[in-house]
>>> print(open('structure_31.csv').read())   # CSV, C-alpha atoms and all ligand atoms
chain,number,residue,atom,x,y,z
A,1,MET,CA,56.5,61.6,31.0
A,2,SER,CA,58.6,64.1,32.8
A,3,GLU,CA,60.0,61.9,35.5
A,4,LYS,CA,62.0,58.8,35.0
A,5,ARG,CA,60.3,55.8,36.7
A,6,THR,CA,62.5,52.8,37.2
A,7,VAL,CA,59.5,50.4,37.6
A,8,PRO,CA,57.2,50.3,34.5
A,9,ARG,CA,53.7,51.3,35.4
A,10,HIS,CA,52.3,49.0,32.7
A,11,VAL,CA,53.9,45.8,31.4
A,12,ALA,CA,52.4,44.0,28.4
A,13,ILE,CA,53.4,40.4,27.4
A,14,ILE,CA,53.1,38.4,24.3
A,15,MET,CA,53.3,34.9,25.8
A,16,ASP,CA,54.9,33.0,22.9
A,17,GLY,CA,56.5,29.6,22.7
A,18,ASN,CA,54.1,27.3,24.5
A,19,GLY,CA,53.7,25.0,21.4
A,20,ARG,CA,57.5,24.7,20.9
A,21,TRP,CA,58.0,24.0,24.6
A,22,ALA,CA,55.6,21.1,24.4
A,23,LYS,CA,57.0,19.7,21.2
A,24,GLN,CA,60.5,19.8,22.6
A,25,ARG,CA,59.3,17.4,25.3
A,26,GLY,CA,57.2,15.2,23.0
A,27,LYS,CA,54.0,16.5,24.4
A,28,GLU,CA,50.8,17.9,22.8
A,29,ARG,CA,50.8,21.7,22.2
A,30,TYR,CA,48.0,22.3,24.8
A,31,GLU,CA,50.3,20.9,27.5
A,32,GLY,CA,52.6,23.9,26.8
A,33,HIS,CA,49.6,26.2,27.4
A,34,ILE,CA,48.9,24.4,30.6
A,35,GLU,CA,52.5,24.9,31.8
A,36,GLY,CA,52.2,28.5,30.6
A,37,VAL,CA,49.6,29.2,33.3
A,38,THR,CA,52.3,28.7,35.9
A,39,SER,CA,54.3,31.4,34.2
A,40,VAL,CA,51.2,33.7,34.3
A,41,ARG,CA,50.8,33.1,38.0
A,42,GLU,CA,54.5,34.0,38.6
A,43,ALA,CA,54.3,37.1,36.4
A,44,VAL,CA,51.3,38.3,38.3
A,45,LYS,CA,53.0,37.7,41.7
A,46,SER,CA,56.1,39.5,40.6
A,47,ALA,CA,54.2,42.4,39.1
A,48,VAL,CA,52.3,42.9,42.4
A,49,ARG,CA,55.5,42.6,44.5
A,50,ASN,CA,57.4,45.1,42.3
A,51,GLY,CA,54.6,47.7,42.2
A,52,VAL,CA,53.7,47.3,38.5
A,53,GLU,CA,50.1,48.7,38.3
A,54,TYR,CA,48.9,47.2,35.0
A,55,LEU,CA,49.9,43.8,33.4
A,56,THR,CA,48.4,43.0,30.0
A,57,LEU,CA,48.7,39.4,28.7
A,58,TYR,CA,48.1,38.4,25.1
A,59,ALA,CA,46.3,35.2,25.7
A,60,PHE,CA,44.5,34.6,22.4
A,61,SER,CA,44.7,36.6,19.2
A,62,THR,CA,41.9,36.9,16.7
A,63,GLU,CA,44.1,35.0,14.3
A,64,ASN,CA,44.3,32.1,16.8
A,65,TRP,CA,40.8,31.0,15.8
A,66,GLY,CA,42.5,29.5,12.8
A,67,ARG,CA,44.4,26.9,14.9
A,68,PRO,CA,43.2,23.3,14.9
A,69,ALA,CA,39.8,23.0,16.6
A,70,GLU,CA,41.2,20.8,19.4
A,71,GLU,CA,43.8,23.4,20.4
A,72,VAL,CA,41.2,26.2,20.4
A,73,GLU,CA,38.9,24.1,22.5
A,74,ALA,CA,41.8,23.2,24.9
A,75,LEU,CA,42.6,26.9,25.2
A,76,MET,CA,39.0,27.9,25.9
A,77,SER,CA,38.6,25.3,28.6
A,78,LEU,CA,42.0,26.3,30.1
A,79,PHE,CA,40.8,30.0,30.3
A,80,CYS,CA,37.6,28.8,32.1
A,81,ARG,CA,39.5,26.5,34.5
A,82,SER,CA,42.2,29.1,35.2
A,83,VAL,CA,39.8,31.9,36.0
A,84,ILE,CA,37.9,29.7,38.4
A,85,ASN,CA,41.1,28.2,40.1
A,86,GLU,CA,43.0,31.5,40.3
A,87,ALA,CA,40.2,33.7,41.5
A,88,PRO,CA,40.8,33.3,45.2
A,89,GLU,CA,44.5,34.0,44.9
A,90,LEU,CA,43.9,37.0,42.6
A,91,ILE,CA,41.5,38.5,45.1
A,92,ALA,CA,43.9,37.9,48.0
A,93,GLN,CA,46.6,39.7,46.0
A,94,GLY,CA,44.4,42.7,45.2
A,95,VAL,CA,44.3,42.0,41.5
A,96,ARG,CA,41.5,43.3,39.4
A,97,VAL,CA,40.9,41.5,36.1
A,98,LYS,CA,39.7,43.2,32.9
A,99,VAL,CA,39.2,41.4,29.6
A,100,ILE,CA,39.8,43.2,26.2
A,101,GLY,CA,38.9,41.8,22.8
A,102,HIS,CA,35.8,40.7,20.9
A,103,ARG,CA,34.0,38.4,23.3
A,104,SER,CA,31.0,37.9,20.9
A,105,ARG,CA,32.7,34.9,19.3
A,106,PHE,CA,33.1,33.0,22.6
A,107,SER,CA,30.6,30.4,23.7
A,108,ARG,CA,28.2,31.5,26.4
A,109,GLN,CA,30.1,29.5,29.0
A,110,VAL,CA,33.4,31.2,28.3
A,111,ARG,CA,31.8,34.6,28.2
A,112,GLU,CA,30.2,34.0,31.6
A,113,HIS,CA,33.4,32.8,33.2
A,114,LEU,CA,35.2,35.9,31.9
A,115,GLU,CA,32.4,38.2,33.2
A,116,GLU,CA,32.5,36.4,36.5
A,117,ILE,CA,36.2,36.9,37.1
A,118,GLU,CA,35.8,40.6,36.2
A,119,ARG,CA,32.9,40.9,38.7
A,120,SER,CA,34.6,38.9,41.5
A,121,THR,CA,37.9,40.8,41.3
A,122,ALA,CA,36.4,44.3,40.7
A,123,GLN,CA,37.6,45.6,44.1
A,124,GLY,CA,41.3,44.8,43.5
A,125,GLU,CA,43.5,47.9,43.8
A,126,ARG,CA,47.1,46.7,43.5
A,127,LEU,CA,47.3,45.4,40.0
A,128,THR,CA,45.0,45.5,37.0
A,129,LEU,CA,45.5,42.3,35.0
A,130,ILE,CA,44.2,42.8,31.4
A,131,LEU,CA,43.6,39.7,29.5
A,132,ALA,CA,43.6,40.2,25.8
A,133,ILE,CA,41.5,37.4,24.5
A,134,ASP,CA,40.2,37.3,20.9
A,135,TYR,CA,42.2,40.5,20.6
A,136,SER,CA,43.4,42.2,17.4
A,137,SER,CA,44.9,45.7,17.5
A,138,ARG,CA,43.7,46.4,13.9
A,139,ASP,CA,40.2,45.4,14.8
A,140,GLU,CA,40.4,47.6,17.9
A,141,MET,CA,41.5,50.6,15.8
A,142,THR,CA,38.8,49.9,13.2
A,143,ASP,CA,36.1,49.7,16.0
A,144,ALA,CA,37.5,53.0,17.3
A,145,VAL,CA,37.3,54.7,13.9
A,146,ARG,CA,33.7,53.4,13.5
A,147,ARG,CA,32.7,54.8,16.8
A,148,ILE,CA,34.3,58.2,16.1
A,149,ALA,CA,32.7,58.3,12.6
A,150,ARG,CA,29.3,57.7,14.2
A,151,GLU,CA,29.8,60.6,16.6
A,152,VAL,CA,30.7,62.9,13.6
A,153,ALA,CA,27.8,61.6,11.6
A,154,GLU,CA,25.4,62.3,14.5
A,155,GLY,CA,26.9,65.8,14.8
A,156,ARG,CA,28.3,65.3,18.3
A,157,LEU,CA,31.9,65.8,17.1
A,158,THR,CA,33.6,67.7,14.2
A,159,PRO,CA,36.5,66.2,12.3
A,160,GLU,CA,38.7,69.0,13.6
A,161,GLU,CA,37.9,68.1,17.2
A,162,ILE,CA,39.3,64.5,16.7
A,163,SER,CA,42.6,64.4,18.7
A,164,VAL,CA,45.1,61.8,19.8
A,165,GLN,CA,43.0,61.6,23.0
A,166,THR,CA,39.8,61.0,21.1
A,167,VAL,CA,41.4,58.0,19.4
A,168,GLY,CA,43.1,56.7,22.5
A,169,GLY,CA,39.9,57.1,24.4
A,170,SER,CA,37.9,55.1,21.8
A,171,LEU,CA,40.2,52.0,22.1
A,172,TYR,CA,39.4,49.0,24.3
A,173,THR,CA,42.2,50.2,26.6
A,174,ALA,CA,40.5,53.6,27.3
A,175,GLY,CA,41.6,54.9,30.7
A,176,ILE,CA,44.5,52.5,30.9
A,177,PRO,CA,48.0,54.1,30.5
A,178,ASP,CA,50.1,53.0,27.5
A,179,PRO,CA,52.4,50.1,28.2
A,180,ASP,CA,55.9,51.2,29.2
A,181,LEU,CA,57.4,47.8,28.5
A,182,ILE,CA,56.4,45.1,26.0
A,183,VAL,CA,57.9,41.7,26.4
A,184,ARG,CA,57.7,38.9,23.8
A,185,THR,CA,59.1,35.6,24.8
A,186,GLY,CA,60.1,32.8,22.4
A,187,GLY,CA,62.7,34.6,20.4
A,188,GLU,CA,60.6,36.4,17.7
A,189,SER,CA,61.0,40.2,17.5
A,190,ARG,CA,57.6,41.4,16.3
A,191,LEU,CA,54.4,42.8,17.8
A,192,SER,CA,51.9,40.6,15.9
A,193,ASN,CA,48.9,42.9,16.0
A,194,PHE,CA,49.2,43.6,19.7
A,195,LEU,CA,48.6,47.1,21.2
A,196,LEU,CA,50.0,48.8,18.0
A,197,TRP,CA,48.6,52.3,18.9
A,198,GLN,CA,49.5,52.0,22.6
A,199,ALA,CA,53.0,50.7,21.9
A,200,SER,CA,54.2,54.0,20.4
A,201,TYR,CA,56.8,54.8,23.1
A,202,ALA,CA,57.1,51.4,24.8
A,203,GLU,CA,60.4,49.8,25.4
A,204,LEU,CA,60.6,46.4,23.7
A,205,TYR,CA,62.2,43.3,25.2
A,206,PHE,CA,62.6,40.0,23.4
A,207,PRO,CA,64.0,37.2,25.5
A,208,THR,CA,64.6,33.9,23.8
A,209,LEU,CA,63.0,31.9,26.6
A,210,LEU,CA,59.8,30.1,25.7
A,211,TRP,CA,56.8,31.3,27.8
A,212,PRO,CA,56.5,28.2,30.0
A,213,ASP,CA,60.2,28.7,31.0
A,214,PHE,CA,59.7,32.4,31.7
A,215,ARG,CA,59.3,32.5,35.4
A,216,GLU,CA,59.5,35.0,38.3
A,217,ALA,CA,63.3,35.6,38.0
A,218,ASP,CA,62.9,36.2,34.3
A,219,PHE,CA,60.1,38.7,34.8
A,220,GLU,CA,62.3,40.5,37.3
A,221,GLU,CA,65.2,40.5,34.8
A,222,ALA,CA,62.9,42.2,32.3
A,223,LEU,CA,62.1,44.9,34.9
A,224,ARG,CA,65.8,45.4,35.4
A,225,ALA,CA,66.4,45.7,31.7
A,226,TYR,CA,63.7,48.3,31.6
A,227,ALA,CA,65.2,50.3,34.5
A,228,SER,CA,68.5,50.5,32.6
A,229,ARG,CA,66.9,52.0,29.4
A,230,GLU,CA,66.7,55.7,28.8
A,231,ARG,CA,63.3,56.8,27.5
A,232,ARG,CA,63.2,60.0,25.5
A,233,PHE,CA,59.7,60.2,24.0
A,234,GLY,CA,61.2,62.0,21.0
A,235,LEU,CA,63.1,64.5,23.1
A,236,VAL,CA,66.8,64.8,23.8
A,237,SER,CA,68.1,63.4,27.1
A,238,ASP,CA,68.0,66.7,29.0
A,239,GLY,CA,64.4,67.3,27.9
A,240,VAL,CA,63.0,64.3,29.7
A,241,LYS,CA,64.7,65.0,33.1
B,1,LIG,C1,51.4,31.4,22.2
B,1,LIG,O1,52.3,30.3,22.1
B,1,LIG,C2,50.5,31.2,23.3
B,1,LIG,C3,49.1,31.2,23.2
B,1,LIG,C4,48.4,31.3,21.9
B,1,LIG,C5,48.3,31.0,24.4
B,1,LIG,C6,48.7,31.6,25.7
B,1,LIG,C7,47.8,31.2,26.7
B,1,LIG,C8,48.2,30.8,28.0
B,1,LIG,C9,49.6,30.8,28.5
B,1,LIG,C10,47.2,30.5,29.0
B,1,LIG,C11,46.9,31.7,29.8
B,1,LIG,C12,45.7,31.6,30.6
B,1,LIG,C13,45.1,32.7,31.1
B,1,LIG,C14,43.9,32.5,32.0
B,1,LIG,C15,45.6,34.1,30.9
B,1,LIG,P1,52.3,29.4,20.7
B,1,LIG,O2,51.3,28.3,20.9
B,1,LIG,O3,52.1,30.2,19.5
B,1,LIG,O4,53.7,28.8,20.8
B,1,LIG,P2,54.7,28.4,19.5
B,1,LIG,O5,55.1,29.7,18.9
B,1,LIG,O6,55.8,27.7,20.2
B,1,LIG,O7,53.9,27.6,18.6
>>> encode(input="structure_31.csv", output="structure tokens")
Amino acid sequence: MSEKRTVPRHVAIIMDGNGRWAKQRGKERYEGHIEGVTSVREAVKSAVRNGVEYLTLYAFSTENWGRPAEEVEALMSLFCRSVINEAPELIAQGVRVKVIGHRSRFSRQVREHLEEIERSTAQGERLTLILAIDYSSRDEMTDAVRRIAREVAEGRLTPEEISVQTVGGSLYTAGIPDPDLIVRTGGESRLSNFLLWQASYAELYFPTLLWPDFREADFEEALRAYASRERRFGLVSDGVK
């Protein structure tokens, strides 16, 4: 917090606009998701090249289960295919994949694919790619409260001992630094239940480009925008220098 970093250590992205991208071209919504995988590939490559250490992608929110069954199925099969196809390149680039979210609602096949990509990339040391799938920030915080309450009930923690660190360390993202930069493509300026605790001091960036159009040069533009911002963490300018 004391030193100004020009490259964000952790970038988190809400990949919005796939459906609109497809509709604008007279295609089915899932075709926008397929095209979005190319943008994922480019963001990962650019993150590695620029020295970003953590990249979190909001791939499927808990609310997304409410979409038409065929779109949900297309997304699940796209996750499976993508993790199989991309694994060699991710390993070659030194990327370690971690999945955050519920998991229990996935089919066994999807769960196994996600576990396999975590296992096969576990040695990656350049970038941690966090896939938020069946993720809800409110559920994550509720789970954390439940876990902490259990510790208090079992006498392992007193209410006075509960700190910001206790809460942060009980989230799915325990051990991962908070995002420095959160990007949402597609022109909407909201966080939609994504990393609400972790976003406390993040810089927010809302490009109007739809996710399938957001490519390497656009990721780098986001990094440049971040570098030009002054982060104060509640202090005055001199205090953070
Ligand atoms: C939001 O756009 C996008 C999603 C719900 C899915 C994002 C998933 C991918 C890009 C696939 C990524 C794959 C891996 C393995 C990470 P939207 O459908 O809400 O777009 P709209 O706002 O235009 O309707």
>>> closest_atom_pairs(input="structure_31.csv", of="chain A", to="ligand LIG 1 (chain B)", cutoff="8 Å", atoms="only C-alpha atoms and all ligand atoms", output="tab-separated table")
residue	atom	partner	partner_atom	distance
A:Ile14	CA	B:LIG1	C1	7.5
A:Met15	CA	B:LIG1	C2	5.3
A:Asp16	CA	B:LIG1	O1	3.8
A:Gly17	CA	B:LIG1	O6	3.2
A:Asn18	CA	B:LIG1	O4	4.0
A:Gly19	CA	B:LIG1	O6	3.6
A:Arg20	CA	B:LIG1	O6	3.5
A:Trp21	CA	B:LIG1	O6	6.2
A:Ala22	CA	B:LIG1	O6	7.8
A:Arg29	CA	B:LIG1	O2	6.7
A:Tyr30	CA	B:LIG1	O2	7.9
A:Gly32	CA	B:LIG1	O2	7.5
A:His33	CA	B:LIG1	C9	4.7
A:Ile34	CA	B:LIG1	C10	6.5
A:Glu35	CA	B:LIG1	C9	7.4
A:Gly36	CA	B:LIG1	C9	4.1
A:Val37	CA	B:LIG1	C9	5.1
A:Ser39	CA	B:LIG1	C9	7.4
A:Val40	CA	B:LIG1	C11	6.5
A:Leu57	CA	B:LIG1	C15	6.5
A:Tyr58	CA	B:LIG1	C6	6.9
A:Ala59	CA	B:LIG1	C6	4.3
A:Phe60	CA	B:LIG1	C4	5.1
A:Ser61	CA	B:LIG1	C4	7.0
A:Asn64	CA	B:LIG1	C4	6.6
A:Leu75	CA	B:LIG1	C7	6.9
A:Leu78	CA	B:LIG1	C12	6.5
A:Phe79	CA	B:LIG1	C14	4.3
A:Cys80	CA	B:LIG1	C14	7.3
A:Arg81	CA	B:LIG1	C14	7.8
A:Ser82	CA	B:LIG1	C14	5.0
A:Val83	CA	B:LIG1	C14	5.8
A:Leu131	CA	B:LIG1	C15	6.1
A:Gly186	CA	B:LIG1	O5	6.8
A:Leu210	CA	B:LIG1	O6	7.2
A:Trp211	CA	B:LIG1	C9	7.3
A:Pro212	CA	B:LIG1	C9	7.5
>>> closest_residue(input="structure_31.csv", among="A:Ser77, A:Thr142, A:Ser200, A:Ser120", to="Pro179 (chain A)", atoms="all atoms listed in the file")
A:Ser200
>>> residues_near_point(input="structure_31.csv", point="(52.1, 40.9, 40.5)", cutoff="10 Å", atoms="all atoms listed in the file", output="PDB file with C-alpha atoms, keeping the file's coordinate frame")
ATOM      1  CA  VAL A  40      51.200  33.700  34.300  1.00  0.00           C
ATOM      2  CA  ARG A  41      50.800  33.100  38.000  1.00  0.00           C
ATOM      3  CA  GLU A  42      54.500  34.000  38.600  1.00  0.00           C
ATOM      4  CA  ALA A  43      54.300  37.100  36.400  1.00  0.00           C
ATOM      5  CA  VAL A  44      51.300  38.300  38.300  1.00  0.00           C
ATOM      6  CA  LYS A  45      53.000  37.700  41.700  1.00  0.00           C
ATOM      7  CA  SER A  46      56.100  39.500  40.600  1.00  0.00           C
ATOM      8  CA  ALA A  47      54.200  42.400  39.100  1.00  0.00           C
ATOM      9  CA  VAL A  48      52.300  42.900  42.400  1.00  0.00           C
ATOM     10  CA  ARG A  49      55.500  42.600  44.500  1.00  0.00           C
ATOM     11  CA  ASN A  50      57.400  45.100  42.300  1.00  0.00           C
ATOM     12  CA  GLY A  51      54.600  47.700  42.200  1.00  0.00           C
ATOM     13  CA  VAL A  52      53.700  47.300  38.500  1.00  0.00           C
ATOM     14  CA  GLU A  53      50.100  48.700  38.300  1.00  0.00           C
ATOM     15  CA  TYR A  54      48.900  47.200  35.000  1.00  0.00           C
ATOM     16  CA  LEU A  55      49.900  43.800  33.400  1.00  0.00           C
ATOM     17  CA  LEU A  90      43.900  37.000  42.600  1.00  0.00           C
ATOM     18  CA  GLN A  93      46.600  39.700  46.000  1.00  0.00           C
ATOM     19  CA  GLY A  94      44.400  42.700  45.200  1.00  0.00           C
ATOM     20  CA  VAL A  95      44.300  42.000  41.500  1.00  0.00           C
ATOM     21  CA  ARG A 126      47.100  46.700  43.500  1.00  0.00           C
ATOM     22  CA  LEU A 127      47.300  45.400  40.000  1.00  0.00           C
ATOM     23  CA  THR A 128      45.000  45.500  37.000  1.00  0.00           C
ATOM     24  CA  LEU A 129      45.500  42.300  35.000  1.00  0.00           C
ATOM     25  CA  GLU A 216      59.500  35.000  38.300  1.00  0.00           C
TER      26      GLU A 216
END
>>> atom_distance(input="structure_31.csv", atom1="CA of Glu140 (chain A)", atom2="CA of Arg108 (chain A)")
21.9 Å
>>> atom_distance(input="structure_31.csv", atom1="CA of Arg184 (chain A)", atom2="CA of Gly168 (chain A)")
23.1 Å
>>> residues_around(input="structure_31.csv", residues="Ile84 (chain A)", least_positions_apart="5", cutoff="9 Å", atoms="all atoms listed in the file", output="list in words")
Phe79, His113, Glu116 and Ile117 of chain A
>>> build_atoms(input="structure_31.csv", residues="region 32-45 of chain A", atoms="N, CA, C and O atoms", output="mmCIF file, in the frame of the given file")
data_model
loop_
_atom_site.group_PDB
_atom_site.id
_atom_site.type_symbol
_atom_site.label_atom_id
_atom_site.label_comp_id
_atom_site.auth_asym_id
_atom_site.auth_seq_id
_atom_site.Cartn_x
_atom_site.Cartn_y
_atom_site.Cartn_z
ATOM 1 N N GLY A 32 51.737 22.686 26.623
ATOM 2 C CA GLY A 32 52.600 23.900 26.800
ATOM 3 C C GLY A 32 51.732 25.048 27.303
ATOM 4 O O GLY A 32 52.197 25.839 28.127
ATOM 5 N N HIS A 33 50.480 25.142 26.847
ATOM 6 C CA HIS A 33 49.600 26.200 27.400
ATOM 7 C C HIS A 33 49.336 26.010 28.838
ATOM 8 O O HIS A 33 49.324 26.966 29.613
ATOM 9 N N ILE A 34 49.130 24.729 29.221
ATOM 10 C CA ILE A 34 48.900 24.400 30.600
ATOM 11 C C ILE A 34 50.066 24.874 31.492
ATOM 12 O O ILE A 34 49.926 25.541 32.510
ATOM 13 N N GLU A 35 51.261 24.522 31.018
ATOM 14 C CA GLU A 35 52.500 24.900 31.800
ATOM 15 C C GLU A 35 52.620 26.437 31.769
ATOM 16 O O GLU A 35 53.123 27.019 32.731
ATOM 17 N N GLY A 36 52.136 27.072 30.702
ATOM 18 C CA GLY A 36 52.200 28.500 30.600
ATOM 19 C C GLY A 36 51.409 29.237 31.688
ATOM 20 O O GLY A 36 51.717 30.379 32.051
ATOM 21 N N VAL A 37 50.403 28.569 32.229
ATOM 22 C CA VAL A 37 49.600 29.200 33.300
ATOM 23 C C VAL A 37 50.446 29.418 34.552
ATOM 24 O O VAL A 37 50.268 30.403 35.264
ATOM 25 N N THR A 38 51.396 28.526 34.793
ATOM 26 C CA THR A 38 52.300 28.700 35.900
ATOM 27 C C THR A 38 53.118 29.983 35.759
ATOM 28 O O THR A 38 53.334 30.757 36.695
ATOM 29 N N SER A 39 53.555 30.214 34.508
ATOM 30 C CA SER A 39 54.300 31.400 34.200
ATOM 31 C C SER A 39 53.428 32.678 34.422
ATOM 32 O O SER A 39 53.890 33.714 34.892
ATOM 33 N N VAL A 40 52.154 32.550 34.052
ATOM 34 C CA VAL A 40 51.200 33.700 34.300
ATOM 35 C C VAL A 40 51.133 33.978 35.750
ATOM 36 O O VAL A 40 51.244 35.132 36.184
ATOM 37 N N ARG A 41 50.956 32.913 36.558
ATOM 38 C CA ARG A 41 50.800 33.100 38.000
ATOM 39 C C ARG A 41 52.079 33.798 38.565
ATOM 40 O O ARG A 41 51.989 34.693 39.387
ATOM 41 N N GLU A 42 53.258 33.392 38.089
ATOM 42 C CA GLU A 42 54.500 34.000 38.600
ATOM 43 C C GLU A 42 54.654 35.438 38.153
ATOM 44 O O GLU A 42 55.127 36.285 38.904
ATOM 45 N N ALA A 43 54.255 35.723 36.917
ATOM 46 C CA ALA A 43 54.300 37.100 36.400
ATOM 47 C C ALA A 43 53.428 38.013 37.240
ATOM 48 O O ALA A 43 53.802 39.138 37.603
ATOM 49 N N VAL A 44 52.233 37.519 37.546
ATOM 50 C CA VAL A 44 51.300 38.300 38.300
ATOM 51 C C VAL A 44 51.867 38.589 39.721
ATOM 52 O O VAL A 44 51.873 39.733 40.199
ATOM 53 N N LYS A 45 52.391 37.537 40.345
ATOM 54 C CA LYS A 45 53.000 37.700 41.700
ATOM 55 C C LYS A 45 54.091 38.714 41.698
ATOM 56 O O LYS A 45 54.184 39.592 42.535
#
